[in-house]
Amino acid sequence: MEFTKMHGLGNDFIVWFGYQELPPEASELAVRLCDRHFGVGADGLVYILPSEKADFCMRIINSDGSEAEQCGNAIRCAAKYVYDRKHINREQITIETLGAGVQQVELTVVDGLVRQVKVDMGEPILDGLKIPTTLDLASVINQSIEAGGSGFRFTAVSMGNPHCVIYVEDASGFDLEAWGPKLECHPLFPKKTNVEFATVRSRDHIDMRVWERGAGPTLACGTGACATLVASVLNGYSDRRAIVSLKGGDLDIEWNENDNHVYMTGPAEVVYDGRLS
Ligand SMILES: N[C@@H](CCC[C@H](N)C(=O)O)C(=O)O
């Protein structure tokens with residue numbers, strides 16, 4: 001079984017190509033292989049599959065074996081993979097996702113090397129029940145939530161997958177382990193949620209740390225960065241375009257006023273090719 005280890009800003013994946021469909025053992029394999037001591041070590045498994053609607057289809061399995069609807073860092077990796085391995089010879093690629101439709105990806109290639117990947121992440125979902133939350137509201141902005149005896153204010157956004165954005169004084173020093181798991185499984189979020197702790201540095205720069213649903217603390221989350229930018233605009237904290245600084249590096253995020261789509265630009269890297277016996 002040949003795989004490729006890739007990452008987007010340190011959010012790392014075991015990438016598989018060549019399957020015709022998601023194998024039934026994907027969930028069990030994710031738990032085993034993502035283990036950083038007894039396995040390969042990764043935040044998730046990524047399958048690049050054939051698609052009837054787009055050039056390729058991408059499916060992402062979190063390290064706990066659950067399947068996510070979408071993954072921003074993985075879609076950049078998938079686009080770089082198919083281009084580098086010459087499965088496509090265009091710099092514009094369409095990739096079908098489980099929960100965020102078909103996404104348009106554009107590669108910036110310099111001297112044959114993929115330098116940046118820009119993804120049209122589609123329109124954010126703001127409706128409370130569709131995110132999903134248990135709140136029947138047109139948008140879930142600056143609402144209160146209690147976890148572990150403490151109260152927080154949160155804004156919920158879906159980018160195909162659910163996000164709970166909380167503003168804190170210092171995101172980079174925030175104790176993710178203490179609050180992440182409690183908020184991830186909070187009953188307000190029926191499908192659980194990714195949790196972003198954000199600090200707005202200026203109107204075009206936001207620091208964010210993430211506790212991912214099904215994966216725990218990761219170095220970066222593409223959909224989380226998009227959700228954080230959208231939440232920051234909704235709360236009046238930022239402009240519609242900002243750098244979101246994550247532990248693993250920066251993403252350039254824009255929520256375009258004309259088409260209401262969110263655009264994410266960032267890198268994707270190959271670490272190594274491997275073979276499982
Ligand atoms: N790291 C991702 C998101 C992966 C899925 C997430 N854990 C979920 O369950 O929704 C990203 O870069 O977007």
# chains A, B, ... in the order shown; residues from 1 in each chain; ligands from 1
call {"tool": "residues_around", "arguments": {"residues": "region 124-133 of chain A", "least_positions_apart": "5", "cutoff": "12 Å", "atoms": "only C-alpha atoms", "output": "PyMOL selection string"}}
result
chain A and resi 69+99-100+138-141+143+145+154-164+184-194+223-231+234+254-256+259-263
call {"tool": "write_last_selection", "arguments": {"atoms": "N, CA and C atoms", "output": "compact mmCIF listing (two decimals), in the first residue's frame"}}
result
# COMPACT_ATOMS: atom_id res chain seq x y z
N GLU A 69 -16.71 16.51 6.50
CA GLU A 69 -17.35 16.93 5.25
C GLU A 69 -16.37 17.66 4.33
N GLY A 99 -19.10 17.44 1.81
CA GLY A 99 -20.11 18.34 2.37
C GLY A 99 -20.04 19.78 1.89
N ALA A 100 -19.10 20.09 1.00
CA ALA A 100 -18.97 21.48 0.56
C ALA A 100 -19.01 21.59 -0.96
N ALA A 138 -31.09 32.86 12.28
CA ALA A 138 -30.59 33.09 10.92
C ALA A 138 -29.07 33.16 10.93
N SER A 139 -28.48 33.60 12.03
CA SER A 139 -27.02 33.55 12.18
C SER A 139 -26.71 33.46 13.67
N VAL A 140 -25.60 32.81 13.98
CA VAL A 140 -25.27 32.54 15.39
C VAL A 140 -24.05 33.38 15.74
N ILE A 141 -24.29 34.62 16.09
CA ILE A 141 -23.20 35.58 16.31
C ILE A 141 -23.16 35.99 17.77
N GLN A 143 -23.04 34.50 20.66
CA GLN A 143 -23.98 33.83 21.58
C GLN A 143 -23.21 33.29 22.78
N ILE A 145 -22.17 30.38 25.61
CA ILE A 145 -22.05 28.93 25.75
C ILE A 145 -21.31 28.68 27.06
N PHE A 154 -19.56 32.87 21.63
CA PHE A 154 -19.09 32.20 20.41
C PHE A 154 -19.90 32.63 19.20
N THR A 155 -19.25 32.46 18.05
CA THR A 155 -19.92 32.67 16.76
C THR A 155 -19.76 31.37 15.99
N ALA A 156 -20.85 30.86 15.45
CA ALA A 156 -20.79 29.57 14.74
C ALA A 156 -20.90 29.80 13.22
N VAL A 157 -20.08 29.07 12.49
CA VAL A 157 -20.04 29.17 11.02
C VAL A 157 -19.78 27.77 10.49
N SER A 158 -20.44 27.41 9.40
CA SER A 158 -20.07 26.16 8.73
C SER A 158 -19.41 26.48 7.40
N MET A 159 -18.32 25.75 7.13
CA MET A 159 -17.69 25.83 5.80
C MET A 159 -17.88 24.47 5.12
N GLY A 160 -19.03 23.86 5.37
CA GLY A 160 -19.29 22.47 4.99
C GLY A 160 -19.15 21.63 6.25
N ASN A 161 -18.24 22.02 7.13
CA ASN A 161 -18.08 21.40 8.45
C ASN A 161 -18.26 22.48 9.53
N PRO A 162 -18.68 22.10 10.73
CA PRO A 162 -19.05 23.10 11.74
C PRO A 162 -17.85 23.68 12.52
N HIS A 163 -17.97 24.98 12.82
CA HIS A 163 -16.92 25.68 13.58
C HIS A 163 -17.55 26.58 14.63
N CYS A 164 -16.88 26.62 15.79
CA CYS A 164 -17.29 27.47 16.90
C CYS A 164 -16.12 28.41 17.19
N GLU A 184 -15.91 20.91 21.88
CA GLU A 184 -16.09 20.03 20.70
C GLU A 184 -17.36 19.18 20.84
N CYS A 185 -17.60 18.69 22.04
CA CYS A 185 -18.73 17.76 22.25
C CYS A 185 -19.92 18.44 22.93
N HIS A 186 -19.98 19.75 22.89
CA HIS A 186 -21.06 20.48 23.57
C HIS A 186 -22.40 20.17 22.91
N PRO A 187 -23.46 19.96 23.72
CA PRO A 187 -24.78 19.61 23.13
C PRO A 187 -25.37 20.67 22.20
N LEU A 188 -24.85 21.88 22.23
CA LEU A 188 -25.33 22.90 21.27
C LEU A 188 -24.98 22.51 19.83
N PHE A 189 -23.98 21.61 19.67
CA PHE A 189 -23.52 21.22 18.33
C PHE A 189 -23.82 19.73 18.12
N PRO A 190 -24.95 19.39 17.47
CA PRO A 190 -25.36 18.00 17.34
C PRO A 190 -24.37 17.12 16.58
N LYS A 191 -23.55 17.70 15.68
CA LYS A 191 -22.56 16.87 14.98
C LYS A 191 -21.17 17.15 15.53
N LYS A 192 -21.12 17.63 16.78
CA LYS A 192 -19.86 18.11 17.40
C LYS A 192 -19.35 19.32 16.58
N THR A 193 -18.20 19.84 16.97
CA THR A 193 -17.70 21.02 16.25
C THR A 193 -16.18 21.15 16.36
N ASN A 194 -15.60 21.81 15.37
CA ASN A 194 -14.23 22.30 15.48
C ASN A 194 -14.30 23.57 16.33
N THR A 223 -10.37 25.24 6.97
CA THR A 223 -11.78 25.62 7.12
C THR A 223 -11.95 26.48 8.38
N GLY A 224 -11.15 26.18 9.42
CA GLY A 224 -11.20 26.96 10.66
C GLY A 224 -10.75 28.40 10.44
N ALA A 225 -9.72 28.55 9.60
CA ALA A 225 -9.25 29.92 9.29
C ALA A 225 -10.34 30.68 8.53
N CYS A 226 -11.00 29.98 7.59
CA CYS A 226 -12.09 30.63 6.82
C CYS A 226 -13.23 31.02 7.77
N ALA A 227 -13.61 30.08 8.64
CA ALA A 227 -14.72 30.36 9.58
C ALA A 227 -14.35 31.51 10.51
N THR A 228 -13.09 31.58 10.91
CA THR A 228 -12.66 32.66 11.82
C THR A 228 -12.74 34.02 11.13
N LEU A 229 -12.33 34.04 9.86
CA LEU A 229 -12.42 35.33 9.13
C LEU A 229 -13.88 35.76 9.00
N VAL A 230 -14.73 34.80 8.64
CA VAL A 230 -16.17 35.11 8.48
C VAL A 230 -16.73 35.61 9.82
N ALA A 231 -16.39 34.92 10.90
CA ALA A 231 -16.89 35.31 12.23
C ALA A 231 -16.38 36.71 12.59
N LEU A 234 -18.42 39.23 10.71
CA LEU A 234 -19.79 39.30 11.27
C LEU A 234 -19.81 40.07 12.59
N GLU A 254 -10.03 35.48 2.22
CA GLU A 254 -10.90 36.59 1.78
C GLU A 254 -12.35 36.10 1.69
N TRP A 255 -13.25 36.89 2.26
CA TRP A 255 -14.70 36.62 2.09
C TRP A 255 -15.19 37.66 1.10
N ASN A 256 -15.33 37.23 -0.15
CA ASN A 256 -15.59 38.16 -1.24
C ASN A 256 -17.02 38.72 -1.17
N ASP A 259 -19.43 37.69 -4.63
CA ASP A 259 -20.02 36.36 -4.82
C ASP A 259 -20.31 35.64 -3.50
N ASN A 260 -19.97 36.28 -2.38
CA ASN A 260 -20.20 35.71 -1.04
C ASN A 260 -19.35 34.45 -0.78
N HIS A 261 -18.38 34.18 -1.67
CA HIS A 261 -17.53 33.00 -1.47
C HIS A 261 -16.31 33.36 -0.61
N VAL A 262 -15.80 32.34 0.06
CA VAL A 262 -14.58 32.52 0.86
C VAL A 262 -13.42 31.91 0.07
N TYR A 263 -12.33 32.66 -0.06
CA TYR A 263 -11.15 32.20 -0.80
C TYR A 263 -10.00 32.01 0.18
call {"tool": "residues_near_ligand", "arguments": {"ligand": "ligand 1", "cutoff": "8 Å", "atoms": "only C-alpha atoms and all ligand atoms", "output": "NGL selection string"}}
result
:A and (8 or 11 or 43-44 or 60-62 or 66-74 or 161-163 or 193-194 or 212-216 or 218 or 220-225)
call {"tool": "atom_distance", "arguments": {"atom1": "CA of Gly41 (chain A)", "atom2": "CA of Val114 (chain A)"}}
result
24.5 Å
call {"tool": "residues_around", "arguments": {"residues": "Glu2 (chain A)", "least_positions_apart": "3", "cutoff": "10 Å", "atoms": "only C-alpha atoms", "output": "JSON, numbers by chain"}}
result
{"A": [14, 15, 16, 17, 18, 273, 274, 275, 276, 277]}
call {"tool": "atom_distance", "arguments": {"atom1": "CA of Thr134 (chain A)", "atom2": "CA of Val102 (chain A)"}}
result
27.1 Å
call {"tool": "atom_distance", "arguments": {"atom1": "CA of Ser232 (chain A)", "atom2": "CA of Val200 (chain A)"}}
result
8.0 Å
call {"tool": "closest_residue", "arguments": {"among": "A:Gly65, A:Gly266, A:Pro23, A:Pro50", "to": "Asp35 (chain A)", "atoms": "only C-alpha atoms"}}
result
A:Gly65
call {"tool": "select_by_dssp", "arguments": {"residues": "region 46-253 of chain A", "states": "helix (DSSP H, G or I)", "output": "VMD selection string"}}
result
chain A and resid 72 to 84 171 to 173 176 to 184 222 to 234
call {"tool": "write_last_selection", "arguments": {"atoms": "N, CA and C atoms", "output": "compact mmCIF listing (two decimals), in the first residue's frame"}}
result
# COMPACT_ATOMS: atom_id res chain seq x y z
N GLY A 72 -9.80 22.14 4.51
CA GLY A 72 -9.13 23.16 3.69
C GLY A 72 -7.67 22.83 3.42
N ASN A 73 -6.95 22.37 4.43
CA ASN A 73 -5.53 22.06 4.20
C ASN A 73 -5.38 20.82 3.31
N ALA A 74 -6.27 19.86 3.48
CA ALA A 74 -6.18 18.63 2.68
C ALA A 74 -6.50 18.89 1.21
N ILE A 75 -7.42 19.81 0.94
CA ILE A 75 -7.79 20.03 -0.46
C ILE A 75 -6.61 20.68 -1.21
N ARG A 76 -5.84 21.53 -0.49
CA ARG A 76 -4.63 22.09 -1.12
C ARG A 76 -3.61 20.98 -1.40
N CYS A 77 -3.47 20.07 -0.43
CA CYS A 77 -2.53 18.95 -0.63
C CYS A 77 -2.98 18.07 -1.81
N ALA A 78 -4.28 17.79 -1.87
CA ALA A 78 -4.80 16.93 -2.94
C ALA A 78 -4.53 17.56 -4.32
N ALA A 79 -4.72 18.86 -4.41
CA ALA A 79 -4.50 19.55 -5.70
C ALA A 79 -3.02 19.50 -6.08
N LYS A 80 -2.14 19.71 -5.13
CA LYS A 80 -0.70 19.63 -5.42
C LYS A 80 -0.34 18.20 -5.83
N TYR A 81 -0.89 17.23 -5.14
CA TYR A 81 -0.57 15.82 -5.43
C TYR A 81 -0.91 15.49 -6.89
N VAL A 82 -2.14 15.79 -7.31
CA VAL A 82 -2.54 15.37 -8.67
C VAL A 82 -1.76 16.11 -9.74
N TYR A 83 -1.36 17.35 -9.43
CA TYR A 83 -0.57 18.12 -10.41
C TYR A 83 0.87 17.59 -10.47
N ASP A 84 1.49 17.43 -9.31
CA ASP A 84 2.88 16.96 -9.26
C ASP A 84 3.03 15.59 -9.91
N ALA A 171 -4.69 34.12 21.93
CA ALA A 171 -4.93 32.80 21.34
C ALA A 171 -3.69 31.91 21.42
N SER A 172 -2.50 32.51 21.23
CA SER A 172 -1.30 31.66 21.16
C SER A 172 -0.95 31.04 22.51
N GLY A 173 -1.41 31.68 23.61
CA GLY A 173 -1.12 31.11 24.92
C GLY A 173 -2.33 30.38 25.51
N LEU A 176 -5.70 25.05 25.07
CA LEU A 176 -6.61 24.32 24.19
C LEU A 176 -7.11 23.02 24.83
N GLU A 177 -6.19 22.34 25.50
CA GLU A 177 -6.53 21.03 26.08
C GLU A 177 -7.63 21.14 27.14
N ALA A 178 -7.65 22.28 27.84
CA ALA A 178 -8.63 22.43 28.93
C ALA A 178 -10.04 22.62 28.38
N TRP A 179 -10.17 23.41 27.30
CA TRP A 179 -11.51 23.77 26.85
C TRP A 179 -11.93 23.12 25.54
N GLY A 180 -10.95 22.79 24.70
CA GLY A 180 -11.26 22.22 23.38
C GLY A 180 -12.20 21.02 23.45
N PRO A 181 -11.83 19.98 24.21
CA PRO A 181 -12.67 18.77 24.21
C PRO A 181 -14.09 19.02 24.71
N LYS A 182 -14.22 19.93 25.70
CA LYS A 182 -15.56 20.18 26.26
C LYS A 182 -16.44 20.89 25.22
N LEU A 183 -15.85 21.84 24.51
CA LEU A 183 -16.63 22.58 23.51
C LEU A 183 -16.89 21.72 22.27
N GLU A 184 -15.91 20.91 21.88
CA GLU A 184 -16.09 20.03 20.70
C GLU A 184 -17.36 19.18 20.84
N GLY A 222 -7.63 24.84 7.74
CA GLY A 222 -8.01 25.74 6.65
C GLY A 222 -9.46 26.20 6.76
N THR A 223 -10.37 25.24 6.97
CA THR A 223 -11.78 25.62 7.12
C THR A 223 -11.95 26.48 8.38
N GLY A 224 -11.15 26.18 9.42
CA GLY A 224 -11.20 26.96 10.66
C GLY A 224 -10.75 28.40 10.44
N ALA A 225 -9.72 28.55 9.60
CA ALA A 225 -9.25 29.92 9.29
C ALA A 225 -10.34 30.68 8.53
N CYS A 226 -11.00 29.98 7.59
CA CYS A 226 -12.09 30.63 6.82
C CYS A 226 -13.23 31.02 7.77
N ALA A 227 -13.61 30.08 8.64
CA ALA A 227 -14.72 30.36 9.58
C ALA A 227 -14.35 31.51 10.51
N THR A 228 -13.09 31.58 10.91
CA THR A 228 -12.66 32.66 11.82
C THR A 228 -12.74 34.02 11.13
N LEU A 229 -12.33 34.04 9.86
CA LEU A 229 -12.42 35.33 9.13
C LEU A 229 -13.88 35.76 9.00
N VAL A 230 -14.73 34.80 8.64
CA VAL A 230 -16.17 35.11 8.48
C VAL A 230 -16.73 35.61 9.82
N ALA A 231 -16.39 34.92 10.90
CA ALA A 231 -16.89 35.31 12.23
C ALA A 231 -16.38 36.71 12.59
N SER A 232 -15.15 37.01 12.21
CA SER A 232 -14.57 38.32 12.55
C SER A 232 -15.26 39.44 11.78
N VAL A 233 -15.63 39.15 10.54
CA VAL A 233 -16.39 40.15 9.76
C VAL A 233 -17.78 40.34 10.39
N LEU A 234 -18.42 39.23 10.71
CA LEU A 234 -19.79 39.30 11.27
C LEU A 234 -19.81 40.07 12.59
call {"tool": "decode", "arguments": {"residues": "region 184-221 of chain A", "atoms": "N, CA and C atoms", "output": "PDB file, in the first residue's frame"}}
result
ATOM      1  N   GLU A 184     -15.913  20.909  21.882  1.00  0.00           N
ATOM      2  CA  GLU A 184     -16.089  20.028  20.702  1.00  0.00           C
ATOM      3  C   GLU A 184     -17.358  19.181  20.836  1.00  0.00           C
ATOM      4  N   CYS A 185     -17.604  18.689  22.040  1.00  0.00           N
ATOM      5  CA  CYS A 185     -18.733  17.761  22.248  1.00  0.00           C
ATOM      6  C   CYS A 185     -19.922  18.442  22.925  1.00  0.00           C
ATOM      7  N   HIS A 186     -19.976  19.754  22.892  1.00  0.00           N
ATOM      8  CA  HIS A 186     -21.056  20.482  23.569  1.00  0.00           C
ATOM      9  C   HIS A 186     -22.404  20.168  22.909  1.00  0.00           C
ATOM     10  N   PRO A 187     -23.463  19.959  23.718  1.00  0.00           N
ATOM     11  CA  PRO A 187     -24.776  19.608  23.133  1.00  0.00           C
ATOM     12  C   PRO A 187     -25.372  20.670  22.198  1.00  0.00           C
ATOM     13  N   LEU A 188     -24.850  21.882  22.228  1.00  0.00           N
ATOM     14  CA  LEU A 188     -25.331  22.896  21.271  1.00  0.00           C
ATOM     15  C   LEU A 188     -24.977  22.511  19.826  1.00  0.00           C
ATOM     16  N   PHE A 189     -23.977  21.613  19.675  1.00  0.00           N
ATOM     17  CA  PHE A 189     -23.521  21.218  18.334  1.00  0.00           C
ATOM     18  C   PHE A 189     -23.818  19.729  18.121  1.00  0.00           C
ATOM     19  N   PRO A 190     -24.946  19.393  17.472  1.00  0.00           N
ATOM     20  CA  PRO A 190     -25.362  17.996  17.341  1.00  0.00           C
ATOM     21  C   PRO A 190     -24.372  17.117  16.584  1.00  0.00           C
ATOM     22  N   LYS A 191     -23.555  17.697  15.677  1.00  0.00           N
ATOM     23  CA  LYS A 191     -22.555  16.868  14.981  1.00  0.00           C
ATOM     24  C   LYS A 191     -21.166  17.149  15.533  1.00  0.00           C
ATOM     25  N   LYS A 192     -21.116  17.633  16.783  1.00  0.00           N
ATOM     26  CA  LYS A 192     -19.862  18.107  17.395  1.00  0.00           C
ATOM     27  C   LYS A 192     -19.349  19.320  16.579  1.00  0.00           C
ATOM     28  N   THR A 193     -18.198  19.837  16.966  1.00  0.00           N
ATOM     29  CA  THR A 193     -17.698  21.016  16.253  1.00  0.00           C
ATOM     30  C   THR A 193     -16.184  21.148  16.363  1.00  0.00           C
ATOM     31  N   ASN A 194     -15.605  21.815  15.375  1.00  0.00           N
ATOM     32  CA  ASN A 194     -14.233  22.299  15.479  1.00  0.00           C
ATOM     33  C   ASN A 194     -14.302  23.568  16.327  1.00  0.00           C
ATOM     34  N   VAL A 195     -13.248  23.826  17.111  1.00  0.00           N
ATOM     35  CA  VAL A 195     -13.282  24.999  17.989  1.00  0.00           C
ATOM     36  C   VAL A 195     -12.061  25.875  17.701  1.00  0.00           C
ATOM     37  N   GLU A 196     -12.317  27.149  17.397  1.00  0.00           N
ATOM     38  CA  GLU A 196     -11.231  28.088  17.113  1.00  0.00           C
ATOM     39  C   GLU A 196     -11.170  29.157  18.205  1.00  0.00           C
ATOM     40  N   PHE A 197      -9.974  29.364  18.751  1.00  0.00           N
ATOM     41  CA  PHE A 197      -9.753  30.437  19.712  1.00  0.00           C
ATOM     42  C   PHE A 197      -8.971  31.519  18.968  1.00  0.00           C
ATOM     43  N   ALA A 198      -9.544  32.711  18.900  1.00  0.00           N
ATOM     44  CA  ALA A 198      -8.963  33.742  18.027  1.00  0.00           C
ATOM     45  C   ALA A 198      -8.691  35.035  18.785  1.00  0.00           C
ATOM     46  N   THR A 199      -7.623  35.710  18.357  1.00  0.00           N
ATOM     47  CA  THR A 199      -7.314  37.047  18.859  1.00  0.00           C
ATOM     48  C   THR A 199      -7.113  37.947  17.645  1.00  0.00           C
ATOM     49  N   VAL A 200      -7.842  39.043  17.594  1.00  0.00           N
ATOM     50  CA  VAL A 200      -7.737  39.944  16.447  1.00  0.00           C
ATOM     51  C   VAL A 200      -6.593  40.914  16.718  1.00  0.00           C
ATOM     52  N   ARG A 201      -5.522  40.807  15.903  1.00  0.00           N
ATOM     53  CA  ARG A 201      -4.381  41.720  16.074  1.00  0.00           C
ATOM     54  C   ARG A 201      -4.673  43.070  15.443  1.00  0.00           C
ATOM     55  N   SER A 202      -5.288  43.051  14.250  1.00  0.00           N
ATOM     56  CA  SER A 202      -5.680  44.283  13.552  1.00  0.00           C
ATOM     57  C   SER A 202      -6.778  43.900  12.574  1.00  0.00           C
ATOM     58  N   ARG A 203      -7.284  44.831  11.816  1.00  0.00           N
ATOM     59  CA  ARG A 203      -8.417  44.507  10.937  1.00  0.00           C
ATOM     60  C   ARG A 203      -8.032  43.564   9.810  1.00  0.00           C
ATOM     61  N   ASP A 204      -6.694  43.412   9.578  1.00  0.00           N
ATOM     62  CA  ASP A 204      -6.295  42.470   8.528  1.00  0.00           C
ATOM     63  C   ASP A 204      -5.346  41.378   9.038  1.00  0.00           C
ATOM     64  N   HIS A 205      -5.404  41.135  10.335  1.00  0.00           N
ATOM     65  CA  HIS A 205      -4.516  40.092  10.879  1.00  0.00           C
ATOM     66  C   HIS A 205      -5.127  39.468  12.150  1.00  0.00           C
ATOM     67  N   ILE A 206      -5.314  38.169  12.089  1.00  0.00           N
ATOM     68  CA  ILE A 206      -5.964  37.455  13.206  1.00  0.00           C
ATOM     69  C   ILE A 206      -5.080  36.267  13.609  1.00  0.00           C
ATOM     70  N   ASP A 207      -4.859  36.111  14.903  1.00  0.00           N
ATOM     71  CA  ASP A 207      -4.180  34.898  15.401  1.00  0.00           C
ATOM     72  C   ASP A 207      -5.256  33.880  15.753  1.00  0.00           C
ATOM     73  N   MET A 208      -4.986  32.628  15.448  1.00  0.00           N
ATOM     74  CA  MET A 208      -5.992  31.600  15.776  1.00  0.00           C
ATOM     75  C   MET A 208      -5.312  30.286  16.175  1.00  0.00           C
ATOM     76  N   ARG A 209      -5.872  29.630  17.151  1.00  0.00           N
ATOM     77  CA  ARG A 209      -5.444  28.275  17.528  1.00  0.00           C
ATOM     78  C   ARG A 209      -6.676  27.391  17.464  1.00  0.00           C
ATOM     79  N   VAL A 210      -6.457  26.137  17.061  1.00  0.00           N
ATOM     80  CA  VAL A 210      -7.629  25.294  16.793  1.00  0.00           C
ATOM     81  C   VAL A 210      -7.589  23.984  17.573  1.00  0.00           C
ATOM     82  N   TRP A 211      -8.779  23.598  18.016  1.00  0.00           N
ATOM     83  CA  TRP A 211      -9.029  22.256  18.531  1.00  0.00           C
ATOM     84  C   TRP A 211      -9.969  21.620  17.519  1.00  0.00           C
ATOM     85  N   GLU A 212      -9.454  20.619  16.787  1.00  0.00           N
ATOM     86  CA  GLU A 212     -10.288  20.052  15.724  1.00  0.00           C
ATOM     87  C   GLU A 212     -11.164  18.906  16.195  1.00  0.00           C
ATOM     88  N   ARG A 213     -12.383  18.932  15.695  1.00  0.00           N
ATOM     89  CA  ARG A 213     -13.277  17.793  15.894  1.00  0.00           C
ATOM     90  C   ARG A 213     -12.590  16.535  15.342  1.00  0.00           C
ATOM     91  N   GLY A 214     -12.525  15.517  16.153  1.00  0.00           N
ATOM     92  CA  GLY A 214     -11.998  14.232  15.672  1.00  0.00           C
ATOM     93  C   GLY A 214     -10.497  14.153  15.536  1.00  0.00           C
ATOM     94  N   ALA A 215      -9.795  15.219  15.874  1.00  0.00           N
ATOM     95  CA  ALA A 215      -8.327  15.187  15.713  1.00  0.00           C
ATOM     96  C   ALA A 215      -7.601  15.897  16.857  1.00  0.00           C
ATOM     97  N   GLY A 216      -8.317  16.704  17.634  1.00  0.00           N
ATOM     98  CA  GLY A 216      -7.671  17.426  18.741  1.00  0.00           C
ATOM     99  C   GLY A 216      -6.890  18.639  18.264  1.00  0.00           C
ATOM    100  N   PRO A 217      -5.828  19.022  18.982  1.00  0.00           N
ATOM    101  CA  PRO A 217      -5.105  20.234  18.602  1.00  0.00           C
ATOM    102  C   PRO A 217      -4.269  19.960  17.351  1.00  0.00           C
ATOM    103  N   THR A 218      -4.431  20.758  16.330  1.00  0.00           N
ATOM    104  CA  THR A 218      -3.589  20.615  15.132  1.00  0.00           C
ATOM    105  C   THR A 218      -2.867  21.942  14.908  1.00  0.00           C
ATOM    106  N   LEU A 219      -1.861  21.912  14.044  1.00  0.00           N
ATOM    107  CA  LEU A 219      -1.067  23.133  13.830  1.00  0.00           C
ATOM    108  C   LEU A 219      -1.778  24.133  12.923  1.00  0.00           C
ATOM    109  N   ALA A 220      -2.790  23.663  12.204  1.00  0.00           N
ATOM    110  CA  ALA A 220      -3.520  24.575  11.308  1.00  0.00           C
ATOM    111  C   ALA A 220      -4.828  23.947  10.883  1.00  0.00           C
ATOM    112  N   CYS A 221      -5.788  24.787  10.549  1.00  0.00           N
ATOM    113  CA  CYS A 221      -7.074  24.297  10.036  1.00  0.00           C
ATOM    114  C   CYS A 221      -7.563  25.299   8.994  1.00  0.00           C
TER     115      CYS A 221
END
